[in-house]
Every structure is written in structure tokens, then in C-alpha cells.
file start08.pdb (PDB, C-alpha atoms and all ligand atoms)
ATOM      1  CA  MET A   1      75.637  27.028 136.997
ATOM      2  CA  PRO A   2      73.388  24.333 138.613
ATOM      3  CA  MET A   3      75.256  21.134 139.505
ATOM      4  CA  PRO A   4      74.042  17.656 140.440
ATOM      5  CA  LEU A   5      73.205  17.518 144.126
ATOM      6  CA  HIS A   6      75.908  16.151 146.391
ATOM      7  CA  PRO A   7      74.455  12.986 148.048
ATOM      8  CA  PHE A   8      72.866  13.554 151.458
ATOM      9  CA  VAL A   9      70.905  11.584 154.039
ATOM     10  CA  LEU A  10      67.289  12.698 154.385
ATOM     11  CA  HIS A  11      65.860  12.451 157.904
ATOM     12  CA  ARG A  12      62.113  12.535 158.438
ATOM     13  CA  PRO A  13      61.439  13.151 162.141
ATOM     14  CA  ASP A  14      57.910  12.967 163.542
ATOM     15  CA  SER A  15      58.123  15.667 166.196
ATOM     16  CA  ALA A  16      59.795  19.000 166.929
ATOM     17  CA  GLU A  17      61.694  17.300 169.761
ATOM     18  CA  GLU A  18      63.128  14.760 167.321
ATOM     19  CA  VAL A  19      64.158  17.587 164.980
ATOM     20  CA  ILE A  20      66.005  19.248 167.880
ATOM     21  CA  GLU A  21      67.744  16.000 168.846
ATOM     22  CA  LEU A  22      68.890  15.432 165.275
ATOM     23  CA  ARG A  23      69.997  19.022 164.936
ATOM     24  CA  SER A  24      72.009  18.836 168.164
ATOM     25  CA  ALA A  25      73.582  15.516 167.188
ATOM     26  CA  LEU A  26      74.456  16.398 163.587
ATOM     27  CA  GLY A  27      75.535  20.029 164.127
ATOM     28  CA  GLU A  28      76.868  21.902 161.103
ATOM     29  CA  ASP A  29      76.625  18.831 158.857
ATOM     30  CA  ALA A  30      72.824  19.180 158.817
ATOM     31  CA  ALA A  31      70.238  21.703 157.683
ATOM     32  CA  LEU A  32      66.509  21.850 158.150
ATOM     33  CA  TYR A  33      64.590  21.428 154.955
ATOM     34  CA  ALA A  34      60.995  22.532 154.264
ATOM     35  CA  GLY A  35      59.934  23.417 150.708
ATOM     36  CA  GLY A  36      63.521  23.345 149.493
ATOM     37  CA  THR A  37      62.989  26.367 147.218
ATOM     38  CA  GLU A  38      66.030  28.173 148.651
ATOM     39  CA  LEU A  39      67.996  25.345 150.185
ATOM     40  CA  LEU A  40      68.058  22.953 147.244
ATOM     41  CA  SER A  41      68.756  25.786 144.774
ATOM     42  CA  ALA A  42      71.711  26.939 146.875
ATOM     43  CA  MET A  43      72.953  23.335 147.121
ATOM     44  CA  LYS A  44      72.594  22.854 143.348
ATOM     45  CA  MET A  45      74.581  26.041 142.779
ATOM     46  CA  GLY A  46      77.303  24.641 145.018
ATOM     47  CA  ALA A  47      76.951  27.600 147.408
ATOM     48  CA  ILE A  48      76.311  25.303 150.378
ATOM     49  CA  SER A  49      76.569  21.604 151.041
ATOM     50  CA  TYR A  50      75.152  19.372 153.784
ATOM     51  CA  GLU A  51      75.571  15.695 154.569
ATOM     52  CA  HIS A  52      72.142  15.544 156.233
ATOM     53  CA  LEU A  53      68.819  17.268 155.578
ATOM     54  CA  ILE A  54      66.121  17.201 158.246
ATOM     55  CA  ASP A  55      62.666  17.420 156.701
ATOM     56  CA  VAL A  56      60.351  19.482 158.932
ATOM     57  CA  LYS A  57      57.323  19.427 156.610
ATOM     58  CA  ARG A  58      55.873  16.209 158.001
ATOM     59  CA  VAL A  59      56.174  17.200 161.662
ATOM     60  CA  PRO A  60      52.583  17.243 162.958
ATOM     61  CA  GLY A  61      51.205  20.497 164.325
ATOM     62  CA  LEU A  62      53.624  22.823 162.546
ATOM     63  CA  ARG A  63      51.320  23.755 159.681
ATOM     64  CA  GLU A  64      48.147  25.076 161.330
ATOM     65  CA  ILE A  65      46.865  28.614 160.985
ATOM     66  CA  PHE A  66      44.383  29.921 163.578
ATOM     67  CA  ASP A  67      43.494  33.025 165.568
ATOM     68  CA  GLN A  68      43.664  33.022 169.329
ATOM     69  CA  ASP A  69      44.145  35.671 172.031
ATOM     70  CA  GLY A  70      44.216  38.558 169.558
ATOM     71  CA  SER A  71      46.862  37.083 167.272
ATOM     72  CA  VAL A  72      46.979  34.977 164.155
ATOM     73  CA  HIS A  73      49.265  31.975 164.679
ATOM     74  CA  ILE A  74      50.886  30.731 161.502
ATOM     75  CA  GLY A  75      52.601  27.353 161.660
ATOM     76  CA  ALA A  76      56.184  27.296 160.436
ATOM     77  CA  THR A  77      55.528  24.899 157.571
ATOM     78  CA  ALA A  78      52.474  26.746 156.234
ATOM     79  CA  THR A  79      53.231  27.558 152.623
ATOM     80  CA  HIS A  80      52.802  30.982 151.063
ATOM     81  CA  HIS A  81      49.907  29.535 149.069
ATOM     82  CA  GLU A  82      48.166  28.279 152.209
ATOM     83  CA  ILE A  83      48.691  31.603 153.979
ATOM     84  CA  GLU A  84      47.405  33.790 151.141
ATOM     85  CA  ASN A  85      44.212  31.701 150.866
ATOM     86  CA  HIS A  86      43.529  30.916 154.508
ATOM     87  CA  PRO A  87      40.210  32.470 155.647
ATOM     88  CA  VAL A  88      41.673  33.574 159.006
ATOM     89  CA  VAL A  89      44.527  35.432 157.283
ATOM     90  CA  VAL A  90      42.267  36.872 154.592
ATOM     91  CA  ASP A  91      39.827  38.095 157.248
ATOM     92  CA  ARG A  92      42.169  39.179 160.069
ATOM     93  CA  LEU A  93      45.361  40.129 158.226
ATOM     94  CA  PRO A  94      44.352  41.078 154.687
ATOM     95  CA  SER A  95      47.619  42.961 154.173
ATOM     96  CA  LEU A  96      49.569  39.745 154.815
ATOM     97  CA  ALA A  97      47.281  37.720 152.523
ATOM     98  CA  LYS A  98      47.876  40.269 149.764
ATOM     99  CA  LEU A  99      51.629  40.399 150.346
ATOM    100  CA  THR A 100      51.896  36.624 150.313
ATOM    101  CA  HIS A 101      50.026  36.465 147.022
ATOM    102  CA  SER A 102      52.759  38.693 145.558
ATOM    103  CA  VAL A 103      55.674  36.489 146.652
ATOM    104  CA  ALA A 104      57.555  34.835 143.782
ATOM    105  CA  ASN A 105      55.389  32.723 141.482
ATOM    106  CA  VAL A 106      52.791  30.062 142.142
ATOM    107  CA  ARG A 107      55.325  27.202 141.970
ATOM    108  CA  VAL A 108      57.436  28.762 144.713
ATOM    109  CA  ARG A 109      54.366  29.730 146.763
ATOM    110  CA  VAL A 110      52.979  26.198 146.716
ATOM    111  CA  ALA A 111      56.223  24.709 148.085
ATOM    112  CA  GLY A 112      57.886  27.578 149.965
ATOM    113  CA  THR A 113      57.071  28.133 153.625
ATOM    114  CA  ILE A 114      56.954  31.193 155.841
ATOM    115  CA  ALA A 115      59.660  29.728 158.114
ATOM    116  CA  GLY A 116      61.905  29.001 155.136
ATOM    117  CA  ASN A 117      61.497  32.573 153.946
ATOM    118  CA  LEU A 118      62.452  34.023 157.339
ATOM    119  CA  ALA A 119      65.165  31.512 158.242
ATOM    120  CA  PHE A 120      67.040  31.926 154.964
ATOM    121  CA  GLY A 121      67.599  35.583 155.877
ATOM    122  CA  GLU A 122      67.541  36.834 152.275
ATOM    123  CA  PRO A 123      67.441  40.660 152.529
ATOM    124  CA  HIS A 124      65.303  40.949 149.369
ATOM    125  CA  ALA A 125      62.230  39.399 150.972
ATOM    126  CA  ASP A 126      58.680  40.650 151.436
ATOM    127  CA  PRO A 127      57.322  39.239 154.721
ATOM    128  CA  PRO A 128      59.858  40.666 157.235
ATOM    129  CA  ALA A 129      58.928  44.334 156.676
ATOM    130  CA  LEU A 130      55.189  43.796 157.102
ATOM    131  CA  LEU A 131      55.685  41.415 160.017
ATOM    132  CA  MET A 132      57.800  44.078 161.716
ATOM    133  CA  ALA A 133      55.134  46.734 161.109
ATOM    134  CA  LEU A 134      52.456  44.423 162.504
ATOM    135  CA  GLY A 135      54.560  43.562 165.575
ATOM    136  CA  GLY A 136      54.895  39.895 164.591
ATOM    137  CA  THR A 137      57.086  37.473 166.514
ATOM    138  CA  VAL A 138      58.945  34.336 165.491
ATOM    139  CA  VAL A 139      58.471  31.447 167.930
ATOM    140  CA  VAL A 140      61.391  29.019 167.992
ATOM    141  CA  GLN A 141      61.980  25.777 169.845
ATOM    142  CA  GLY A 142      65.300  24.303 170.909
ATOM    143  CA  ALA A 143      66.808  22.030 173.539
ATOM    144  CA  LYS A 144      66.073  24.646 176.213
ATOM    145  CA  GLY A 145      62.411  25.057 175.230
ATOM    146  CA  ARG A 146      60.534  27.759 173.358
ATOM    147  CA  ARG A 147      61.261  31.460 173.029
ATOM    148  CA  SER A 148      59.926  34.320 170.913
ATOM    149  CA  MET A 149      61.854  36.907 168.974
ATOM    150  CA  ASP A 150      60.487  40.046 167.391
ATOM    151  CA  ILE A 151      61.546  40.671 163.800
ATOM    152  CA  ALA A 152      64.342  43.060 164.809
ATOM    153  CA  GLU A 153      65.870  40.341 167.007
ATOM    154  CA  PHE A 154      65.311  37.619 164.438
ATOM    155  CA  CYS A 155      66.636  39.399 161.331
ATOM    156  CA  VAL A 156      70.284  39.902 162.272
ATOM    157  CA  GLY A 157      71.883  40.482 158.862
ATOM    158  CA  ALA A 158      72.092  39.175 155.289
ATOM    159  CA  TYR A 159      71.536  35.395 155.551
ATOM    160  CA  GLU A 160      71.921  35.681 159.331
ATOM    161  CA  THR A 161      69.181  35.183 161.892
ATOM    162  CA  GLY A 162      68.808  34.961 165.650
ATOM    163  CA  LEU A 163      68.237  31.179 165.410
ATOM    164  CA  ARG A 164      70.581  29.053 167.522
ATOM    165  CA  GLU A 165      72.053  25.886 166.022
ATOM    166  CA  ASP A 166      69.636  23.511 167.803
ATOM    167  CA  GLU A 167      66.506  25.585 167.118
ATOM    168  CA  LEU A 168      63.726  25.449 164.587
ATOM    169  CA  ILE A 169      60.963  27.936 163.903
ATOM    170  CA  VAL A 170      57.649  26.491 165.046
ATOM    171  CA  GLU A 171      55.299  29.409 164.513
ATOM    172  CA  VAL A 172      54.985  33.032 163.466
ATOM    173  CA  ASP A 173      52.548  35.022 165.625
ATOM    174  CA  VAL A 174      51.002  38.179 164.264
ATOM    175  CA  PRO A 175      48.871  40.483 166.420
ATOM    176  CA  ILE A 176      45.556  41.420 164.797
ATOM    177  CA  PRO A 177      45.667  45.198 164.193
ATOM    178  CA  PRO A 178      43.469  47.181 166.599
ATOM    179  CA  PRO A 179      40.074  48.348 165.292
ATOM    180  CA  GLY A 180      40.380  51.476 163.165
ATOM    181  CA  SER A 181      43.999  50.884 162.210
ATOM    182  CA  VAL A 182      45.028  49.697 158.799
ATOM    183  CA  ALA A 183      48.116  47.911 157.586
ATOM    184  CA  THR A 184      49.419  47.999 154.073
ATOM    185  CA  TYR A 185      52.469  46.886 152.098
ATOM    186  CA  MET A 186      53.752  47.972 148.699
ATOM    187  CA  LYS A 187      56.853  46.970 146.831
ATOM    188  CA  PHE A 188      58.867  47.784 143.765
ATOM    189  CA  GLN A 189      60.579  44.981 141.969
ATOM    190  CA  VAL A 190      62.682  44.722 138.814
ATOM    191  CA  LEU A 191      64.332  41.358 139.400
ATOM    192  CA  GLU A 192      63.010  38.125 140.913
ATOM    193  CA  ARG A 193      62.685  39.649 144.400
ATOM    194  CA  PRO A 194      61.681  43.041 145.787
ATOM    195  CA  SER A 195      64.089  45.981 145.399
ATOM    196  CA  VAL A 196      62.165  48.012 147.994
ATOM    197  CA  GLY A 197      59.182  47.134 150.188
ATOM    198  CA  VAL A 198      57.343  49.581 152.435
ATOM    199  CA  ALA A 199      54.929  48.493 155.143
ATOM    200  CA  CYS A 200      52.912  50.570 157.575
ATOM    201  CA  LEU A 201      50.475  49.950 160.388
ATOM    202  CA  GLY A 202      48.635  53.026 161.545
ATOM    203  CA  GLU A 203      45.390  54.886 161.890
ATOM    204  CA  ILE A 204      44.903  58.172 160.103
ATOM    205  CA  HIS A 205      42.107  60.683 160.717
ATOM    206  CA  ASP A 206      41.937  64.036 158.941
ATOM    207  CA  GLY A 207      45.445  63.583 157.599
ATOM    208  CA  ARG A 208      47.138  62.810 160.923
ATOM    209  CA  PHE A 209      48.103  59.590 162.648
ATOM    210  CA  THR A 210      45.996  59.049 165.759
ATOM    211  CA  SER A 211      48.644  56.826 167.340
ATOM    212  CA  PRO A 212      52.344  56.324 166.631
ATOM    213  CA  PRO A 213      52.579  54.560 163.250
ATOM    214  CA  ARG A 214      54.937  51.695 162.478
ATOM    215  CA  LEU A 215      56.455  52.459 159.092
ATOM    216  CA  VAL A 216      59.029  49.897 157.972
ATOM    217  CA  ILE A 217      61.340  49.780 154.974
ATOM    218  CA  GLY A 218      62.280  46.310 153.775
ATOM    219  CA  ALA A 219      64.543  44.772 151.115
ATOM    220  CA  VAL A 220      66.887  47.768 150.931
ATOM    221  CA  ASP A 221      69.272  47.177 153.831
ATOM    222  CA  GLU A 222      70.318  43.762 155.117
ATOM    223  CA  VAL A 223      67.430  43.887 157.592
ATOM    224  CA  PRO A 224      64.124  45.772 157.680
ATOM    225  CA  ARG A 225      64.306  49.285 159.157
ATOM    226  CA  LEU A 226      61.675  50.855 161.391
ATOM    227  CA  VAL A 227      61.276  54.560 160.622
ATOM    228  CA  ASP A 228      61.548  56.786 163.685
ATOM    229  CA  ALA A 229      57.908  57.249 164.723
ATOM    230  CA  ALA A 230      58.708  60.622 166.306
ATOM    231  CA  ALA A 231      59.590  61.938 162.830
ATOM    232  CA  ILE A 232      56.157  61.064 161.438
ATOM    233  CA  ASP A 233      53.711  60.981 164.336
ATOM    234  CA  GLY A 234      52.547  64.595 164.276
ATOM    235  CA  ALA A 235      52.911  65.164 160.529
ATOM    236  CA  ASP A 236      49.867  66.251 158.531
ATOM    237  CA  ILE A 237      50.094  64.075 155.461
ATOM    238  CA  GLN A 238      47.357  66.016 153.649
ATOM    239  CA  ASP A 239      49.823  68.850 153.553
ATOM    240  CA  GLU A 240      52.717  68.556 151.066
ATOM    241  CA  ALA A 241      55.263  69.722 153.645
ATOM    242  CA  GLY A 242      54.011  67.125 156.143
ATOM    243  CA  MET A 243      54.017  64.330 153.580
ATOM    244  CA  GLY A 244      57.475  65.397 152.385
ATOM    245  CA  ALA A 245      58.807  65.237 155.969
ATOM    246  CA  VAL A 246      57.507  61.678 156.382
ATOM    247  CA  CYS A 247      59.021  60.558 153.075
ATOM    248  CA  ASP A 248      62.358  62.162 154.016
ATOM    249  CA  ALA A 249      62.298  60.312 157.343
ATOM    250  CA  ALA A 250      61.629  57.059 155.476
ATOM    251  CA  SER A 251      64.506  57.677 153.040
ATOM    252  CA  ARG A 252      66.858  58.511 155.923
ATOM    253  CA  ALA A 253      65.996  55.240 157.693
ATOM    254  CA  VAL A 254      67.899  53.173 155.130
ATOM    255  CA  ASP A 255      71.527  53.019 154.041
ATOM    256  CA  PRO A 256      71.368  51.581 150.523
ATOM    257  CA  THR A 257      74.249  50.482 148.342
ATOM    258  CA  ASP A 258      74.495  50.297 144.544
ATOM    259  CA  ASP A 259      73.630  46.838 143.219
ATOM    260  CA  LEU A 260      71.659  45.091 140.467
ATOM    261  CA  SER A 261      68.388  46.408 141.957
ATOM    262  CA  GLY A 262      69.550  49.991 141.352
ATOM    263  CA  SER A 263      71.831  52.727 142.608
ATOM    264  CA  ALA A 264      71.740  53.850 146.226
ATOM    265  CA  ASP A 265      70.202  57.209 145.219
ATOM    266  CA  TYR A 266      67.554  55.477 143.127
ATOM    267  CA  LYS A 267      66.591  53.164 145.995
ATOM    268  CA  ARG A 268      66.368  56.085 148.423
ATOM    269  CA  HIS A 269      64.111  57.845 145.935
ATOM    270  CA  LEU A 270      61.949  54.708 145.601
ATOM    271  CA  VAL A 271      61.601  54.485 149.373
ATOM    272  CA  GLY A 272      60.161  58.021 149.404
ATOM    273  CA  VAL A 273      57.798  57.277 146.518
ATOM    274  CA  LEU A 274      56.501  54.048 148.068
ATOM    275  CA  ALA A 275      56.183  55.617 151.528
ATOM    276  CA  ARG A 276      54.000  58.330 150.008
ATOM    277  CA  ARG A 277      51.804  55.753 148.248
ATOM    278  CA  VAL A 278      51.475  53.630 151.379
ATOM    279  CA  LEU A 279      50.421  56.621 153.472
ATOM    280  CA  ARG A 280      47.897  57.751 150.887
ATOM    281  CA  LYS A 281      46.448  54.254 150.898
ATOM    282  CA  LEU A 282      46.232  54.289 154.701
ATOM    283  CA  ALA A 283      44.470  57.639 154.494
ATOM    284  CA  GLY A 284      41.800  55.967 152.362
ATOM    285  CA  GLU A 285      42.824  56.991 148.865
ATOM    286  CA  PRO A 286      42.215  54.238 146.305
TER
HETATM  287  C1  LIG B 301      62.287  32.130 141.977
HETATM  288  C2  LIG B 301      62.072  32.647 143.381
HETATM  289  C3  LIG B 301      61.446  33.864 143.563
HETATM  290  C4  LIG B 301      61.243  34.344 144.864
HETATM  291  N1  LIG B 301      60.617  35.558 145.030
HETATM  292  C5  LIG B 301      60.385  36.008 146.280
HETATM  293  C6  LIG B 301      59.708  37.248 146.483
HETATM  294  O1  LIG B 301      59.265  37.934 145.559
HETATM  295  N2  LIG B 301      59.535  37.662 147.771
HETATM  296  C7  LIG B 301      59.967  36.918 148.840
HETATM  297  O2  LIG B 301      59.768  37.336 149.977
HETATM  298  N3  LIG B 301      60.596  35.752 148.668
HETATM  299  C8  LIG B 301      60.807  35.273 147.425
HETATM  300  N4  LIG B 301      61.420  34.066 147.253
HETATM  301  C9  LIG B 301      61.845  33.311 148.442
HETATM  302  C10 LIG B 301      60.751  32.319 148.900
HETATM  303  O3  LIG B 301      59.834  33.001 149.704
HETATM  304  C11 LIG B 301      61.462  31.260 149.676
HETATM  305  O4  LIG B 301      62.193  30.527 148.707
HETATM  306  C12 LIG B 301      60.605  30.280 150.457
HETATM  307  O5  LIG B 301      59.710  30.886 151.341
HETATM  308  C13 LIG B 301      61.546  29.400 151.265
HETATM  309  O6  LIG B 301      60.782  28.430 151.955
HETATM  310  P1  LIG B 301      61.158  26.891 151.849
HETATM  311  O7  LIG B 301      60.171  26.182 152.696
HETATM  312  O8  LIG B 301      61.276  26.425 150.444
HETATM  313  O9  LIG B 301      62.583  26.909 152.543
HETATM  314  P2  LIG B 301      63.795  25.895 152.327
HETATM  315  O10 LIG B 301      64.445  26.152 151.026
HETATM  316  O11 LIG B 301      63.387  24.493 152.632
HETATM  317  O12 LIG B 301      64.742  26.396 153.492
HETATM  318  C14 LIG B 301      65.272  27.724 153.471
HETATM  319  C15 LIG B 301      66.096  27.940 154.740
HETATM  320  O13 LIG B 301      65.235  27.930 155.878
HETATM  321  C16 LIG B 301      65.643  26.935 156.819
HETATM  322  N5  LIG B 301      64.407  26.418 157.406
HETATM  323  C17 LIG B 301      63.327  25.910 156.772
HETATM  324  N6  LIG B 301      62.351  25.646 157.653
HETATM  325  C18 LIG B 301      62.822  26.007 158.876
HETATM  326  C19 LIG B 301      62.275  25.998 160.189
HETATM  327  N7  LIG B 301      61.034  25.570 160.465
HETATM  328  N8  LIG B 301      63.040  26.468 161.207
HETATM  329  C20 LIG B 301      64.288  26.940 160.975
HETATM  330  N9  LIG B 301      64.859  26.969 159.765
HETATM  331  C21 LIG B 301      64.123  26.520 158.723
HETATM  332  C22 LIG B 301      66.439  25.925 156.002
HETATM  333  O14 LIG B 301      67.377  25.237 156.803
HETATM  334  C23 LIG B 301      67.112  26.842 154.994
HETATM  335  O15 LIG B 301      68.251  27.456 155.571
HETATM  336  C24 LIG B 301      61.652  33.565 145.986
HETATM  337  C25 LIG B 301      62.268  32.322 145.784
HETATM  338  C26 LIG B 301      62.484  31.854 144.507
HETATM  339  C27 LIG B 301      63.135  30.505 144.326
END
call {"tool": "encode", "arguments": {"input": "start08.pdb", "output": "C-alpha cells"}}
result
Amino acid sequence: MPMPLHPFVLHRPDSAEEVIELRSALGEDAALYAGGTELLSAMKMGAISYEHLIDVKRVPGLREIFDQDGSVHIGATATHHEIENHPVVVDRLPSLAKLTHSVANVRVRVAGTIAGNLAFGEPHADPPALLMALGGTVVVQGAKGRRSMDIAEFCVGAYETGLREDELIVEVDVPIPPPGSVATYMKFQVLERPSVGVACLGEIHDGRFTSPPRLVIGAVDEVPRLVDAAAIDGADIQDEAGMGAVCDAASRAVDPTDDLSGSADYKRHLVGVLARRVLRKLAGEP
């Protein structure tokens, strides 16, 4: 049941350094705040409470999207709406543009940011699986400077990330897939958020991957799972036995539990179905 918000002090720093100083000084009494689509809802539900919110949206330089040195750099405070419509993302990472368009509804996409999505650590999220398949990294800044984490390092568990207390996300970097390779993402959803999401980056010729694919299952376990490439690399997906082996490997990569999104067996089955569809798409089927 939503409740009136507990009073809090809103800080509006002008630089990442100021955010870090505030974060270090205020410790557990403070949270970063971007679009507020998760944070304020959780506060209204009484699930969490903070004395101080540090607004990162106005910090200059954290919102840009550009391509440089073979990667697309997405500023932490770029919203889903900005990402899905940005010409660099549409051109260089069409799979991410399409995924982002499928996140939530337009009201959430206009306010919600990529950093907020990742930092909240909600297991039923879309971006982490595709970012893992694409080899994306999360760039964070803290009192000791900047560091990068890949998605496996960043996504630690349900509502748990590799962020340290003084750090903020400043950017998400996504390598542009090599020529010839294709990335795709598909999900199945019955509730507000995905029940299962399957992402893959790979290149298929005559039914076989020409390089080790990165097939990732998201939204099922607490963190996205990379399917063992050795189990799928040599498989001929034009052949039913080969395709079946890949789908089995995908289903084995997760350890689902029964919940409102479905039973464990049902989710495992969905993983196989979506993996098959993703691979067919990569192979050029409409
Ligand atoms: C109705 C609804 C439907 C949704 N459906 C989907 C869906 O289908 N798929 C999906 O993937 N997601 C879905 N979401 C989640 C949505 O993507 C997130 O709510 C949004 O991206 C969060 O961004 P925000 O800027 O609002 O974060 P906030 O709510 O402001 O913050 C969320 C968390 O991130 C932290 N944070 C924010 N910015 C930073 C930063 N720069 N560095 C470090 N920590 C930071 C905050 O401290 C907080 O812990 C849905 C959400 C809602 C409300």
C-alpha cells in the first residue's frame, strides 16, 4: 500500500566529484536518485527509507551518448526513451534500441535511466542480459577514481551490485558488434517485467556459428547467465538435433524457482523456446 513519503533532504550536486563527497559524508542515510521510478516507489511502499537523496540527473556530462573507439558510450543518466531514439544507438546497436523500446511503458521510459535500471539490481530486468551478450561494461566513479566492471561483476545478486558505497555509475560502454555478427534479444512477459529474456551475439553461416556465440539468459535467476559457449559453438542449428542441444544447454544454464512469473519447469521450457527463436532470428529467419 503506497504511503506518504517520509521527509528527506534533496541534494543537487553539480559534478560527479560532489556526488562522491556527499555519498561519502552521508553514508547509508543517503541514496542516489535519477528518474525515481524505482526509488520513490520503493520509498512510498515503505520498503526503504532515506534521510537524503542525491539527485544525479543534473550533473553535467552524465547524459551523453556517442560512439568512440569501437564502442557506444551511454551516459548514466540517459533515459530509456533517449537511448531507444538516439541515432548512434539505432545505427550501431539496433538490438539495444529495440530492447529499450520494450522496457516498461512510455512514462517509465521517459523518466527512468539506464544507470537506475542496473543499479537497482532487479532480477526481472531487460538490459543486463543483452549488455552481457554484447560485452558491455559499467563505468563507475568513486573516491579512488574510475573503474569498469563487466556485467557479471556488476550484477552480484537480487538487488545487489558491485557498486561500492561511495560510487556512482557514470557510463555504460557497449562494444559495437564486429561486422557480420548480429545481436538479438527476445523476452516473454506476463507481469510488469520480463519473466525470461534471451540475448545472443553471434555470427551464423550455413547453420553454424563462425565464432563462439554469447548466449545469455536474463530475468530467470538473480543475475543473467552466460550459456557455456562450448555447448553451442559447433552445433548445426539447421539440424533439429543441433538446435535441440543448444536449447538444452540454455535451459541448463539457469536454476529457476517457482514464483508469480511461473513454475520452474515452465520457465526452463520458456528459456528453450526463446533460445530457439533467437537463434533462428540470428540465422536470418524473419
Ligand atoms: C511500472 C514499471 C515497469 C517496468 N518494466 C520494466 C521492464 O519491462 N524491463 C526493465 O528492464 N525494467 C523495467 N522497469 C524498471 C525501469 O527500467 C527502472 O525503473 C528505471 O530504469 C530506473 O531508473 P531511474 O532513473 O528511475 O532510477 P531511480 O529510481 O532513480 O534509482 C534506482 C536505483 O538506482 C540507483 N541509482 C540511480 N542512478 C544511479 C547512478 N548513476 N549510479 C549509481 N546508482 C544509481 C538509485 O540509488 C536507486 O537505488 C519498470 C519499472 C516500472 C516502475
call {"tool": "resolve_selection", "arguments": {"input": "start08.pdb", "expression": "the PyMOL selection byres (((chain A and resi 46) around 9) and not hetatm)", "output": "ChimeraX atom specification"}}
result
/A:1-6,41-45,47-49
call {"tool": "axis_aligned_box", "arguments": {"input": "start08.pdb", "around": "ligand LIG 301 (chain B)", "padding_each_side": "4 Å", "output": "AutoDock Vina command-line options"}}
result
--center_x 63.8 --center_y 31.2 --center_z 151.6 --size_x 17.0 --size_y 21.4 --size_z 27.2
call {"tool": "closest_residue", "arguments": {"input": "start08.pdb", "among": "A:Gly35, A:Pro87, A:Pro224, A:Pro175", "to": "Arg109 of chain A", "atoms": "all atoms listed in the file"}}
result
A:Gly35
call {"tool": "resolve_selection", "arguments": {"input": "start08.pdb", "expression": "the PyMOL selection byres (((not hetatm)) within 6 of (chain B and resi 301))", "output": "ChimeraX atom specification"}}
result
/A:31-39,76,103-104,108,111-117,119-120,125-127,168-170,192-194
call {"tool": "write_last_selection", "arguments": {"input": "start08.pdb", "atoms": "C-alpha atoms", "output": "tab-separated table (two decimals), in the frame of the given file"}}
result
chain	number	residue	atom	x	y	z
A	31	ALA	CA	70.24	21.70	157.68
A	32	LEU	CA	66.51	21.85	158.15
A	33	TYR	CA	64.59	21.43	154.96
A	34	ALA	CA	61.00	22.53	154.26
A	35	GLY	CA	59.93	23.42	150.71
A	36	GLY	CA	63.52	23.34	149.49
A	37	THR	CA	62.99	26.37	147.22
A	38	GLU	CA	66.03	28.17	148.65
A	39	LEU	CA	68.00	25.34	150.18
A	76	ALA	CA	56.18	27.30	160.44
A	103	VAL	CA	55.67	36.49	146.65
A	104	ALA	CA	57.56	34.84	143.78
A	108	VAL	CA	57.44	28.76	144.71
A	111	ALA	CA	56.22	24.71	148.08
A	112	GLY	CA	57.89	27.58	149.96
A	113	THR	CA	57.07	28.13	153.62
A	114	ILE	CA	56.95	31.19	155.84
A	115	ALA	CA	59.66	29.73	158.11
A	116	GLY	CA	61.90	29.00	155.14
A	117	ASN	CA	61.50	32.57	153.95
A	119	ALA	CA	65.17	31.51	158.24
A	120	PHE	CA	67.04	31.93	154.96
A	125	ALA	CA	62.23	39.40	150.97
A	126	ASP	CA	58.68	40.65	151.44
A	127	PRO	CA	57.32	39.24	154.72
A	168	LEU	CA	63.73	25.45	164.59
A	169	ILE	CA	60.96	27.94	163.90
A	170	VAL	CA	57.65	26.49	165.05
A	192	GLU	CA	63.01	38.12	140.91
A	193	ARG	CA	62.68	39.65	144.40
A	194	PRO	CA	61.68	43.04	145.79
call {"tool": "resolve_selection", "arguments": {"input": "start08.pdb", "expression": "the PyMOL selection byres (((chain A and resi 230-238) around 10) and not hetatm)", "output": "number ranges by chain"}}
result
A: 202, 204-215, 227-229, 239-250, 276, 279-280, 283
call {"tool": "closest_residue", "arguments": {"input": "start08.pdb", "among": "A:Leu270, A:Val9, A:Ala158, A:Val59", "to": "Glu222 of chain A", "atoms": "all atoms listed in the file"}}
result
A:Ala158
call {"tool": "closest_residue", "arguments": {"input": "start08.pdb", "among": "A:Ala219, A:Val89, A:Val190, A:Val110", "to": "Cys155 of chain A", "atoms": "all atoms listed in the file"}}
result
A:Ala219
call {"tool": "atom_distance", "arguments": {"input": "start08.pdb", "atom1": "atom CA of Leu118 of chain A", "atom2": "atom CA of Ile20 of chain A"}}
result
18.5 Å
call {"tool": "closest_residue", "arguments": {"input": "start08.pdb", "among": "A:Pro256, A:Arg164, A:Ile176, A:Ala264", "to": "Gln68 of chain A", "atoms": "all atoms listed in the file"}}
result
A:Ile176
call {"tool": "atom_distance", "arguments": {"input": "start08.pdb", "atom1": "atom CA of Asp14 of chain A", "atom2": "atom CA of Val140 of chain A"}}
result
17.0 Å
call {"tool": "residues_around", "arguments": {"input": "start08.pdb", "residues": "Tyr159 of chain A", "least_positions_apart": "2", "cutoff": "8 Å", "atoms": "all atoms listed in the file", "output": "list of chain:residue names"}}
result
A:Ala119, A:Phe120, A:Gly121, A:Glu122, A:Pro123, A:Gly157, A:Thr161
call {"tool": "closest_residue", "arguments": {"input": "start08.pdb", "among": "A:His73, A:His81, A:Arg12, A:His86", "to": "Gly61 of chain A", "atoms": "only C-alpha atoms"}}
result
A:His73
call {"tool": "atom_distance", "arguments": {"input": "start08.pdb", "atom1": "atom CA of Leu163 of chain A", "atom2": "atom CA of Val254 of chain A"}}
result
24.3 Å
call {"tool": "closest_residue", "arguments": {"input": "start08.pdb", "among": "A:Ile54, A:Ala143, A:Ile217, A:Leu274", "to": "Asp166 of chain A", "atoms": "all atoms listed in the file"}}
result
A:Ala143
call {"tool": "residues_around", "arguments": {"input": "start08.pdb", "residues": "Ser24 of chain A", "least_positions_apart": "5", "cutoff": "10 Å", "atoms": "all atoms listed in the file", "output": "list in words"}}
result
Glu18, Val19, Ala30, Gly142, Ala143, Glu165, Asp166 and Glu167 of chain A
call {"tool": "write_last_selection", "arguments": {"input": "start08.pdb", "atoms": "C-alpha atoms", "output": "PDB file, in the coordinates of the input"}}
result
ATOM      1  CA  GLU A  18      63.128  14.760 167.321  1.00  0.00           C
ATOM      2  CA  VAL A  19      64.158  17.587 164.980  1.00  0.00           C
ATOM      3  CA  ALA A  30      72.824  19.180 158.817  1.00  0.00           C
ATOM      4  CA  GLY A 142      65.300  24.303 170.909  1.00  0.00           C
ATOM      5  CA  ALA A 143      66.808  22.030 173.539  1.00  0.00           C
ATOM      6  CA  GLU A 165      72.053  25.886 166.022  1.00  0.00           C
ATOM      7  CA  ASP A 166      69.636  23.511 167.803  1.00  0.00           C
ATOM      8  CA  GLU A 167      66.506  25.585 167.118  1.00  0.00           C
TER       9      GLU A 167
END
call {"tool": "residues_around", "arguments": {"input": "start08.pdb", "residues": "Arg268 of chain A", "least_positions_apart": "3", "cutoff": "6 Å", "atoms": "all atoms listed in the file", "output": "list of chain:residue names"}}
result
A:Ser251, A:Asp265, A:Val271
call {"tool": "residues_around", "arguments": {"input": "start08.pdb", "residues": "Pro60 of chain A", "least_positions_apart": "5", "cutoff": "10 Å", "atoms": "only C-alpha atoms", "output": "number ranges by chain"}}
result
A: 13-16, 77
call {"tool": "residues_around", "arguments": {"input": "start08.pdb", "residues": "segment 177-184 of chain A", "least_positions_apart": "3", "cutoff": "6 Å", "atoms": "all atoms listed in the file", "output": "VMD selection string"}}
result
chain A and resid 95 199 to 203
